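Visitor: So I've got this file, start-v4.cif, and it contains mmCIF, C-alpha atoms (C1' of nucleotides):
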data_run
loop_
_atom_site.label_atom_id
_atom_site.label_comp_id
_atom_site.auth_asym_id
_atom_site.auth_seq_id
_atom_site.Cartn_x
_atom_site.Cartn_y
_atom_site.Cartn_z
CA MET A 1 -11.17 24.24 -15.30
CA ARG A 2 -12.19 27.61 -13.90
CA ILE A 3 -12.68 30.54 -16.25
CA ALA A 4 -13.70 34.13 -15.62
CA THR A 5 -14.48 37.42 -17.32
CA TRP A 6 -13.65 40.81 -15.85
CA ASN A 7 -13.76 44.38 -17.09
CA VAL A 8 -10.59 45.48 -15.28
CA ASN A 9 -10.74 49.19 -16.22
CA SER A 10 -7.01 49.58 -16.91
CA ILE A 11 -4.73 46.59 -16.39
CA ARG A 12 -1.77 48.83 -15.61
CA THR A 13 -3.64 50.30 -12.64
CA ARG A 14 -5.19 46.97 -11.63
CA LYS A 15 -2.41 44.42 -12.27
CA ALA A 16 -1.75 43.56 -8.61
CA ARG A 17 -5.43 43.15 -7.79
CA VAL A 18 -6.06 41.05 -10.89
CA VAL A 19 -3.16 38.66 -10.38
CA ASP A 20 -4.02 38.34 -6.69
CA PHE A 21 -7.57 37.40 -7.62
CA LEU A 22 -6.47 34.83 -10.20
CA LEU A 23 -4.40 32.96 -7.63
CA ARG A 24 -6.85 33.34 -4.74
CA ALA A 25 -9.85 32.23 -6.82
CA ASP A 26 -7.89 29.47 -8.58
CA ILE A 27 -8.74 30.82 -12.05
CA ASP A 28 -7.25 29.05 -15.07
CA VAL A 29 -8.40 31.45 -17.79
CA LEU A 30 -9.38 35.12 -17.48
CA ALA A 31 -10.98 37.18 -20.25
CA MET A 32 -10.27 40.84 -19.58
CA GLN A 33 -11.90 43.95 -21.02
CA GLU A 34 -10.89 47.61 -20.94
CA ILE A 35 -7.20 46.87 -20.50
CA LYS A 36 -6.68 50.46 -21.74
CA CYS A 37 -3.25 49.84 -23.24
CA ARG A 38 -1.40 48.64 -26.30
CA PRO A 39 0.08 45.12 -26.23
CA GLU A 40 3.61 46.40 -25.59
CA GLN A 41 2.33 48.24 -22.50
CA PHE A 42 0.71 45.16 -20.93
CA PRO A 43 2.26 44.14 -17.56
CA TYR A 44 3.20 40.65 -18.76
CA ASP A 45 5.83 40.11 -16.07
CA GLU A 46 3.34 40.08 -13.20
CA PHE A 47 1.20 37.48 -14.99
CA ASP A 48 4.19 35.41 -16.04
CA ALA A 49 5.43 35.28 -12.46
CA ALA A 50 2.05 33.87 -11.44
CA GLY A 51 2.16 31.26 -14.21
CA TYR A 52 -0.13 32.89 -16.78
CA GLU A 53 0.44 33.42 -20.47
CA VAL A 54 -1.28 36.54 -21.83
CA ILE A 55 -2.53 37.52 -25.26
CA ALA A 56 -3.40 41.20 -25.50
CA HIS A 57 -5.22 43.17 -28.17
CA GLY A 58 -5.26 46.95 -27.80
CA THR A 59 -4.72 49.97 -29.99
CA ASN A 60 -4.63 52.96 -27.62
CA GLN A 61 -5.79 54.13 -24.19
CA TRP A 62 -9.39 53.13 -24.87
CA ASN A 63 -11.01 49.71 -24.95
CA GLY A 64 -8.61 46.78 -25.31
CA VAL A 65 -9.16 43.09 -24.52
CA ALA A 66 -6.89 40.32 -23.32
CA ILE A 67 -6.89 36.69 -22.22
CA ALA A 68 -4.65 35.28 -19.49
CA SER A 69 -4.30 31.51 -19.21
CA ARG A 70 -2.26 28.98 -17.27
CA LEU A 71 -3.48 26.32 -19.72
CA PRO A 72 -2.04 26.20 -23.26
CA ILE A 73 -3.57 28.68 -25.71
CA ASP A 74 -3.86 26.90 -29.03
CA GLU A 75 -5.18 29.58 -31.40
CA THR A 76 -6.08 33.24 -31.16
CA VAL A 77 -8.14 35.64 -33.29
CA GLU A 78 -8.40 39.43 -33.05
CA GLY A 79 -11.83 40.81 -33.96
CA PHE A 80 -14.41 38.91 -36.01
CA ASP A 81 -15.60 38.82 -39.60
CA GLY A 82 -17.79 41.78 -40.47
CA MET A 83 -16.94 43.74 -37.31
CA PRO A 84 -17.76 47.40 -37.90
CA GLY A 85 -15.43 50.27 -37.04
CA PHE A 86 -16.02 53.65 -35.45
CA GLY A 87 -14.50 57.11 -35.74
CA GLU A 88 -12.95 59.14 -38.53
CA ALA A 89 -12.98 57.51 -41.97
CA ASP A 90 -9.63 57.06 -43.69
CA ALA A 91 -8.87 57.96 -47.33
CA GLU A 92 -10.76 54.89 -48.50
CA GLY A 93 -13.75 55.67 -46.32
CA LEU A 94 -13.01 52.87 -43.84
CA LEU A 95 -13.63 53.42 -40.14
CA PRO A 96 -10.96 52.39 -37.60
CA LEU A 97 -11.50 48.97 -36.04
CA GLU A 98 -11.46 49.08 -32.24
CA ALA A 99 -9.93 46.45 -29.94
CA ARG A 100 -13.12 44.90 -28.56
CA ALA A 101 -12.98 41.20 -29.42
CA LEU A 102 -10.34 38.53 -28.86
CA GLY A 103 -10.86 34.82 -29.32
CA ALA A 104 -8.78 31.90 -28.08
CA SER A 105 -9.12 28.14 -28.18
CA ILE A 106 -8.07 26.55 -24.91
CA GLU A 107 -8.58 22.86 -24.07
CA GLY A 108 -10.88 22.59 -27.08
CA VAL A 109 -13.16 25.40 -25.88
CA GLN A 110 -13.66 28.51 -28.01
CA LEU A 111 -13.52 31.48 -25.64
CA TRP A 112 -14.16 35.13 -26.51
CA SER A 113 -13.29 38.25 -24.54
CA LEU A 114 -15.80 40.88 -25.70
CA TYR A 115 -16.18 44.55 -24.91
CA VAL A 116 -19.44 45.69 -26.51
CA PRO A 117 -19.53 49.42 -27.39
CA ASN A 118 -21.17 51.58 -24.74
CA GLY A 119 -23.63 53.43 -26.95
CA ARG A 120 -23.32 56.70 -24.99
CA GLU A 121 -26.76 58.18 -25.79
CA LEU A 122 -29.75 56.85 -27.68
CA ASP A 123 -29.33 59.50 -30.39
CA HIS A 124 -25.54 59.21 -30.59
CA PRO A 125 -23.76 57.53 -33.53
CA HIS A 126 -22.09 55.28 -30.96
CA TYR A 127 -25.50 53.75 -30.19
CA HIS A 128 -25.99 52.68 -33.79
CA TYR A 129 -22.42 51.40 -33.81
CA LYS A 130 -23.26 49.32 -30.74
CA LEU A 131 -26.28 47.72 -32.40
CA GLU A 132 -24.41 47.10 -35.65
CA TRP A 133 -21.47 45.61 -33.74
CA LEU A 134 -23.82 43.19 -31.97
CA ARG A 135 -25.56 42.29 -35.23
CA ALA A 136 -22.20 41.48 -36.82
CA LEU A 137 -21.08 39.47 -33.78
CA ARG A 138 -24.22 37.39 -33.93
CA ALA A 139 -23.67 36.68 -37.62
CA ALA A 140 -20.05 35.75 -36.93
CA THR A 141 -21.00 33.32 -34.16
CA ASP A 142 -23.40 31.62 -36.53
CA ALA A 143 -20.53 31.10 -38.96
CA TRP A 144 -18.18 29.64 -36.32
CA ARG A 145 -20.81 27.28 -35.02
CA GLY A 146 -21.73 26.17 -38.51
CA ALA A 147 -18.10 25.31 -39.13
CA ASN A 148 -17.58 23.64 -35.72
CA PRO A 149 -20.93 22.25 -34.61
CA ASP A 150 -19.54 20.27 -31.68
CA ALA A 151 -17.18 22.85 -30.17
CA PRO A 152 -18.09 24.44 -26.85
CA VAL A 153 -18.25 28.23 -27.35
CA ALA A 154 -18.48 30.97 -24.73
CA LEU A 155 -19.07 34.67 -25.34
CA MET A 156 -17.65 36.35 -22.25
CA GLY A 157 -17.48 39.98 -21.41
CA ASP A 158 -18.98 43.37 -20.84
CA PHE A 159 -22.11 43.45 -22.99
CA ASN A 160 -23.12 46.94 -21.84
CA ILE A 161 -26.74 45.75 -21.82
CA ALA A 162 -28.98 45.11 -18.82
CA PRO A 163 -31.33 42.48 -20.28
CA LEU A 164 -33.95 42.54 -17.50
CA ASP A 165 -35.43 45.29 -15.37
CA ILE A 166 -34.00 43.55 -12.28
CA ASP A 167 -30.54 44.08 -13.78
CA VAL A 168 -30.59 47.80 -12.91
CA TRP A 169 -31.06 49.38 -9.50
CA ASP A 170 -33.73 51.80 -10.68
CA ARG A 171 -35.56 51.26 -13.94
CA GLU A 172 -36.88 54.83 -13.84
CA PHE A 173 -33.36 56.23 -13.63
CA PHE A 174 -32.51 54.51 -16.91
CA GLU A 175 -35.56 55.61 -18.83
CA GLY A 176 -34.36 57.18 -22.06
CA ARG A 177 -30.79 55.96 -21.52
CA THR A 178 -28.69 53.27 -23.09
CA HIS A 179 -28.25 49.71 -21.71
CA VAL A 180 -31.97 49.11 -21.20
CA SER A 181 -33.48 50.19 -24.53
CA GLU A 182 -35.61 47.76 -26.47
CA PRO A 183 -33.21 47.47 -29.45
CA GLU A 184 -30.30 46.68 -27.13
CA ARG A 185 -32.31 44.07 -25.26
CA ALA A 186 -33.48 42.60 -28.55
CA ALA A 187 -29.86 42.35 -29.67
CA PHE A 188 -28.99 40.47 -26.48
CA GLN A 189 -32.02 38.24 -26.86
CA GLY A 190 -30.83 37.39 -30.36
CA PHE A 191 -27.95 35.38 -28.90
CA LEU A 192 -30.37 33.48 -26.65
CA ASP A 193 -32.61 32.83 -29.66
CA ASP A 194 -29.57 31.34 -31.39
CA GLY A 195 -29.17 28.83 -28.56
CA PHE A 196 -26.75 30.62 -26.28
CA VAL A 197 -27.52 30.39 -22.57
CA ASP A 198 -26.66 32.82 -19.78
CA VAL A 199 -24.87 30.06 -17.92
CA VAL A 200 -24.54 32.15 -14.75
CA ARG A 201 -28.13 33.35 -14.41
CA GLU A 202 -29.28 29.86 -15.44
CA ARG A 203 -27.68 28.53 -12.25
CA GLY A 204 -29.52 30.91 -9.97
CA VAL A 205 -26.73 33.42 -9.43
CA GLU A 206 -28.16 36.84 -8.61
CA GLY A 207 -26.74 40.32 -8.27
CA TYR A 208 -25.02 43.10 -10.15
CA THR A 209 -21.63 43.05 -11.86
CA TYR A 210 -21.03 46.81 -12.08
CA TRP A 211 -21.41 49.79 -9.75
CA ASP A 212 -20.54 53.33 -10.83
CA TYR A 213 -17.71 54.96 -8.91
CA GLN A 214 -19.94 57.98 -8.28
CA GLN A 215 -22.55 58.71 -5.65
CA LEU A 216 -21.94 55.79 -3.30
CA ARG A 217 -23.40 53.40 -5.83
CA PHE A 218 -21.63 50.38 -4.35
CA PRO A 219 -22.34 50.97 -0.65
CA ARG A 220 -25.95 51.56 -1.63
CA ASN A 221 -25.91 48.53 -3.94
CA GLU A 222 -27.10 50.64 -6.85
CA GLY A 223 -25.57 48.63 -9.68
CA MET A 224 -26.13 46.98 -13.01
CA ARG A 225 -25.79 43.45 -14.34
CA ILE A 226 -24.06 43.91 -17.68
CA ASP A 227 -21.23 41.33 -17.67
CA PHE A 228 -22.17 37.89 -18.94
CA ILE A 229 -20.96 34.47 -19.96
CA LEU A 230 -23.13 33.17 -22.78
CA GLY A 231 -22.43 29.56 -23.71
CA ASN A 232 -23.75 27.35 -26.47
CA ALA A 233 -25.35 24.04 -25.45
CA GLU A 234 -22.00 22.23 -25.66
CA PHE A 235 -20.49 24.76 -23.24
CA ASP A 236 -23.53 24.93 -20.96
CA GLU A 237 -23.44 21.22 -20.25
CA LEU A 238 -19.84 21.51 -19.02
CA VAL A 239 -20.66 24.17 -16.39
CA VAL A 240 -20.77 22.85 -12.82
CA ASP A 241 -20.56 26.11 -10.86
CA ALA A 242 -20.97 29.86 -11.39
CA SER A 243 -20.52 33.00 -9.33
CA ILE A 244 -20.31 36.79 -9.37
CA GLU A 245 -17.35 37.89 -7.27
CA ARG A 246 -18.96 40.88 -5.59
CA ASP A 247 -16.22 41.24 -2.97
CA GLU A 248 -13.79 42.35 -5.69
CA ARG A 249 -15.55 45.72 -5.74
CA LYS A 250 -14.36 46.35 -2.16
CA GLY A 251 -11.08 47.68 -0.83
CA ASP A 252 -8.51 50.02 -2.34
CA GLY A 253 -8.47 50.71 -6.05
CA PRO A 254 -11.17 48.38 -7.34
CA SER A 255 -12.44 48.20 -10.91
CA ASP A 256 -16.02 49.38 -11.23
CA HIS A 257 -16.85 45.86 -12.53
CA VAL A 258 -16.37 42.52 -10.72
CA PRO A 259 -15.36 39.10 -12.09
CA VAL A 260 -17.93 36.57 -13.27
CA VAL A 261 -16.69 32.98 -12.87
CA VAL A 262 -17.71 29.56 -14.12
CA GLU A 263 -16.23 26.16 -13.40
CA LEU A 264 -16.22 23.58 -16.17
CA ASP A 265 -16.10 19.82 -15.80
CA ILE A 266 -13.11 19.36 -18.09
CA GLU A 267 -10.07 17.26 -17.36
CA THR A 268 -7.33 19.59 -18.50
CA GLY A 269 -4.03 18.70 -20.08
CA LEU A 270 -5.00 15.19 -21.18
CA ASP A 271 -5.57 15.69 -24.89
CA ASP A 272 -2.60 16.93 -26.90
CA ASP A 273 -4.33 16.52 -30.24
CA ARG A 274 -7.39 18.73 -30.11
CA PRO A 275 -8.87 19.86 -33.40
CA MET A 276 -8.37 23.43 -34.54
CA ILE A 277 -11.67 25.25 -34.07
CA PHE A 278 -11.25 28.64 -35.69
"C1'" DA B 279 -16.34 49.74 6.20
"C1'" DT B 280 -18.46 48.87 0.73
"C1'" DG B 281 -18.08 56.15 1.81
"C1'" DA B 282 -19.49 60.97 -1.87
"C1'" DC B 283 -15.73 59.13 -9.45
"C1'" DT B 284 -11.68 57.14 -12.19
"C1'" DA B 285 -8.13 56.54 -15.95
"C1'" DA B 286 -5.05 58.08 -19.76
"C1'" DG B 287 -2.89 61.48 -22.48
"C1'" DC B 288 1.24 65.75 -24.10
"C1'" DG B 289 -2.08 66.43 -19.68
"C1'" DT B 290 -2.98 71.53 -15.24
"C1'" DC B 291 -8.23 70.05 -19.15
"C1'" DT B 292 -10.45 66.71 -22.35
"C1'" DT B 293 -12.47 62.34 -23.51
"C1'" DA B 294 -14.63 58.29 -22.09
"C1'" DG B 295 -16.99 55.36 -19.15
"C1'" DA B 296 -22.49 53.83 -17.96
#
Would you kindly transcribe this structure into structure tokens?
Guide:
Amino acid sequence: MRIATWNVNSIRTRKARVVDFLLRADIDVLAMQEIKCRPEQFPYDEFDAAGYEVIAHGTNQWNGVAIASRLPIDETVEGFDGMPGFGEADAEGLLPLEARALGASIEGVQLWSLYVPNGRELDHPHYHYKLEWLRALRAATDAWRGANPDAPVALMGDFNIAPLDIDVWDREFFEGRTHVSEPERAAFQGFLDDGFVDVVRERGVEGYTYWDYQQLRFPRNEGMRIDFILGNAEFDELVVDASIERDERKGDGPSDHVPVVVELDIETGLDDDRPMIF
DNA sequence: ATGACTAAGCGTCTTAGA
């Protein structure tokens, strides 16, 4: 069972490249971020023709997450308990909830497609939203794992955090900017403290997952490692291979992010009576 | 080539990305 995460930066613009990759890389499940569309705008036909079912969660032209799978999707969840909102408060003082989290149980594995808020600037309200969003996600994962202690869980997506100095091309360039600040790194570390493992880095995979479109960042290999697959111990022990698909940044019309892939040692399609895990 | 940003929306600029 091969699964991947990819910030596609508009699925309507990228549909041909994404479906081509799924088939070429033999991917069973893809968690997408930044689909930049509402569910009714998603290009389902292209995925269906390739044999993939899609669940999409989007509210407007920003954000948006989806999961494509050629294995049966048993349950799905939009957002998570305690997830904060952002923007203009409504009459009751509630902030709009953005489309940044989508969960699915597939072959008994709990998979999440996550698009962590960017943060924008260290003194911007979006930065505090980012930290609060991560705090709430961590609390929610504790609750799921408490309820399902044996289920493999993977948090997959664009975390918008570079945990280590080697995860950015120039640490000086990022001084005073988001993605490398101590609170953001502490928030990321919190998941590791809870027992999640960066299952890709753990297997010796190096390199960036994102290169800005501007200033020849990709040809100069001036990138960032901000897309991750964090698995609990039950997930980690299933992983037999991992990769960052750097070549997907090449050619015409690439996303600014590339796919991150893991292969799991799971015999698919054998168990028709898996327990519900949400 | 991996080459000097890209995407969406009521849109010919603005917002967002990171």
Visitor: Counting all atoms listed in the file, collect the residues of chain A whose closest atom lies at most 7 Å from chain B, and write them out as an MDAnalysis selection string.
Guide: chainID A and resid 61 213:216 218:219 250
Visitor: In the coordinate frame of the file, compute which residues have an atom within 10 Å of (-25.5, 39.5, -9.1) when using only C-alpha atoms (C1' of nucleotides), and state them as a ChimeraX atom specification.
Guide: /A:166-167,200-201,204-210,223-227,243-246,258,260
Visitor: With the file shown as input, list the residues that the PyMOL selection byres ((chain A and resi 231-233) around 7) selects, as a PyMOL selection string.
Guide: chain A and resi 152-155+195-199+229-230+234-237
Visitor: Limited to C-alpha atoms, could you put the picked residues into a file as a PDB file, keeping the file's coordinate frame?
Guide:
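As written to disk, out-v3.pdb reads:
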ATOM      1  CA  PRO A 152     -18.090  24.440 -26.850  1.00  0.00           C
ATOM      2  CA  VAL A 153     -18.250  28.230 -27.350  1.00  0.00           C
ATOM      3  CA  ALA A 154     -18.480  30.970 -24.730  1.00  0.00           C
ATOM      4  CA  LEU A 155     -19.070  34.670 -25.340  1.00  0.00           C
ATOM      5  CA  GLY A 195     -29.170  28.830 -28.560  1.00  0.00           C
ATOM      6  CA  PHE A 196     -26.750  30.620 -26.280  1.00  0.00           C
ATOM      7  CA  VAL A 197     -27.520  30.390 -22.570  1.00  0.00           C
ATOM      8  CA  ASP A 198     -26.660  32.820 -19.780  1.00  0.00           C
ATOM      9  CA  VAL A 199     -24.870  30.060 -17.920  1.00  0.00           C
ATOM     10  CA  ILE A 229     -20.960  34.470 -19.960  1.00  0.00           C
ATOM     11  CA  LEU A 230     -23.130  33.170 -22.780  1.00  0.00           C
ATOM     12  CA  GLU A 234     -22.000  22.230 -25.660  1.00  0.00           C
ATOM     13  CA  PHE A 235     -20.490  24.760 -23.240  1.00  0.00           C
ATOM     14  CA  ASP A 236     -23.530  24.930 -20.960  1.00  0.00           C
ATOM     15  CA  GLU A 237     -23.440  21.220 -20.250  1.00  0.00           C
TER      16      GLU A 237
END
Visitor: Would you mind reading off the distance between CA of Ser113 in chain A and CA of Gly64 in chain A, one decimal, in Å?
Guide: 9.8 Å
Visitor: Find the residues near Ala140 in chain A: any atom within 10 Å, counting all atoms listed in the file, skip ones fewer than 3 places away on the same chain, and give them as a list in words.
Guide: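 The neighbour list is Phe80, Asp81, Gly82, Met83, Leu134, Arg135, Ala136, Leu137, Ala143, Trp144, Arg145 and Gly146 of chain A.
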Visitor: For this file, the PyMOL selection byres ((chain A and resi 157) around 10) selects which residues, as a PDB file with C-alpha atoms, keeping the file's coordinate frame?
Guide:
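What landed in part23.pdb:
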ATOM      1  CA  ALA A   4     -13.700  34.130 -15.620  1.00  0.00           C
ATOM      2  CA  THR A   5     -14.480  37.420 -17.320  1.00  0.00           C
ATOM      3  CA  TRP A   6     -13.650  40.810 -15.850  1.00  0.00           C
ATOM      4  CA  ASN A   7     -13.760  44.380 -17.090  1.00  0.00           C
ATOM      5  CA  ALA A  31     -10.980  37.180 -20.250  1.00  0.00           C
ATOM      6  CA  MET A  32     -10.270  40.840 -19.580  1.00  0.00           C
ATOM      7  CA  GLN A  33     -11.900  43.950 -21.020  1.00  0.00           C
ATOM      8  CA  VAL A  65      -9.160  43.090 -24.520  1.00  0.00           C
ATOM      9  CA  ARG A 100     -13.120  44.900 -28.560  1.00  0.00           C
ATOM     10  CA  ALA A 101     -12.980  41.200 -29.420  1.00  0.00           C
ATOM     11  CA  TRP A 112     -14.160  35.130 -26.510  1.00  0.00           C
ATOM     12  CA  SER A 113     -13.290  38.250 -24.540  1.00  0.00           C
ATOM     13  CA  LEU A 114     -15.800  40.880 -25.700  1.00  0.00           C
ATOM     14  CA  TYR A 115     -16.180  44.550 -24.910  1.00  0.00           C
ATOM     15  CA  VAL A 116     -19.440  45.690 -26.510  1.00  0.00           C
ATOM     16  CA  ALA A 154     -18.480  30.970 -24.730  1.00  0.00           C
ATOM     17  CA  LEU A 155     -19.070  34.670 -25.340  1.00  0.00           C
ATOM     18  CA  MET A 156     -17.650  36.350 -22.250  1.00  0.00           C
ATOM     19  CA  ASP A 158     -18.980  43.370 -20.840  1.00  0.00           C
ATOM     20  CA  PHE A 159     -22.110  43.450 -22.990  1.00  0.00           C
ATOM     21  CA  ASN A 160     -23.120  46.940 -21.840  1.00  0.00           C
ATOM     22  CA  ILE A 226     -24.060  43.910 -17.680  1.00  0.00           C
ATOM     23  CA  ASP A 227     -21.230  41.330 -17.670  1.00  0.00           C
ATOM     24  CA  PHE A 228     -22.170  37.890 -18.940  1.00  0.00           C
ATOM     25  CA  ILE A 229     -20.960  34.470 -19.960  1.00  0.00           C
ATOM     26  CA  LEU A 230     -23.130  33.170 -22.780  1.00  0.00           C
ATOM     27  CA  PRO A 259     -15.360  39.100 -12.090  1.00  0.00           C
ATOM     28  CA  VAL A 260     -17.930  36.570 -13.270  1.00  0.00           C
TER      29      VAL A 260
END
Visitor: Could you write range 12-28 of chain A as a short mmCIF file (atom, residue, chain, number, x, y, z; two decimals), in the coordinates of the input, with N, CA and C atoms rebuilt where they are missing?
Guide:
data_model
loop_
_atom_site.label_atom_id
_atom_site.label_comp_id
_atom_site.auth_asym_id
_atom_site.auth_seq_id
_atom_site.Cartn_x
_atom_site.Cartn_y
_atom_site.Cartn_z
N ARG A 12 -2.99 48.28 -16.23
CA ARG A 12 -1.77 48.83 -15.61
C ARG A 12 -2.05 49.32 -14.20
N THR A 13 -3.25 49.87 -13.99
CA THR A 13 -3.64 50.30 -12.64
C THR A 13 -4.01 49.10 -11.77
N ARG A 14 -4.55 48.06 -12.38
CA ARG A 14 -5.19 46.97 -11.63
C ARG A 14 -4.35 45.70 -11.55
N LYS A 15 -3.13 45.69 -12.10
CA LYS A 15 -2.41 44.42 -12.27
C LYS A 15 -2.26 43.63 -10.96
N ALA A 16 -1.95 44.30 -9.86
CA ALA A 16 -1.75 43.56 -8.61
C ALA A 16 -3.06 42.93 -8.14
N ARG A 17 -4.13 43.69 -8.22
CA ARG A 17 -5.43 43.15 -7.79
C ARG A 17 -5.86 41.99 -8.67
N VAL A 18 -5.61 42.10 -9.97
CA VAL A 18 -6.06 41.05 -10.89
C VAL A 18 -5.27 39.76 -10.66
N VAL A 19 -3.96 39.86 -10.58
CA VAL A 19 -3.16 38.66 -10.38
C VAL A 19 -3.47 38.03 -9.03
N ASP A 20 -3.65 38.85 -8.01
CA ASP A 20 -4.02 38.34 -6.69
C ASP A 20 -5.33 37.55 -6.76
N PHE A 21 -6.29 38.10 -7.49
CA PHE A 21 -7.57 37.40 -7.62
C PHE A 21 -7.41 36.07 -8.34
N LEU A 22 -6.65 36.06 -9.43
CA LEU A 22 -6.47 34.83 -10.20
C LEU A 22 -5.97 33.69 -9.31
N LEU A 23 -4.98 34.00 -8.47
CA LEU A 23 -4.40 32.96 -7.63
C LEU A 23 -5.35 32.58 -6.49
N ARG A 24 -5.96 33.58 -5.88
CA ARG A 24 -6.85 33.34 -4.74
C ARG A 24 -8.09 32.57 -5.16
N ALA A 25 -8.61 32.88 -6.36
CA ALA A 25 -9.85 32.23 -6.82
C ALA A 25 -9.56 31.01 -7.69
N ASP A 26 -8.27 30.68 -7.85
CA ASP A 26 -7.89 29.47 -8.58
C ASP A 26 -8.44 29.50 -10.01
N ILE A 27 -8.23 30.64 -10.69
CA ILE A 27 -8.74 30.82 -12.05
C ILE A 27 -7.70 30.34 -13.07
N ASP A 28 -8.15 29.53 -14.02
CA ASP A 28 -7.25 29.05 -15.07
C ASP A 28 -7.19 30.00 -16.26
#
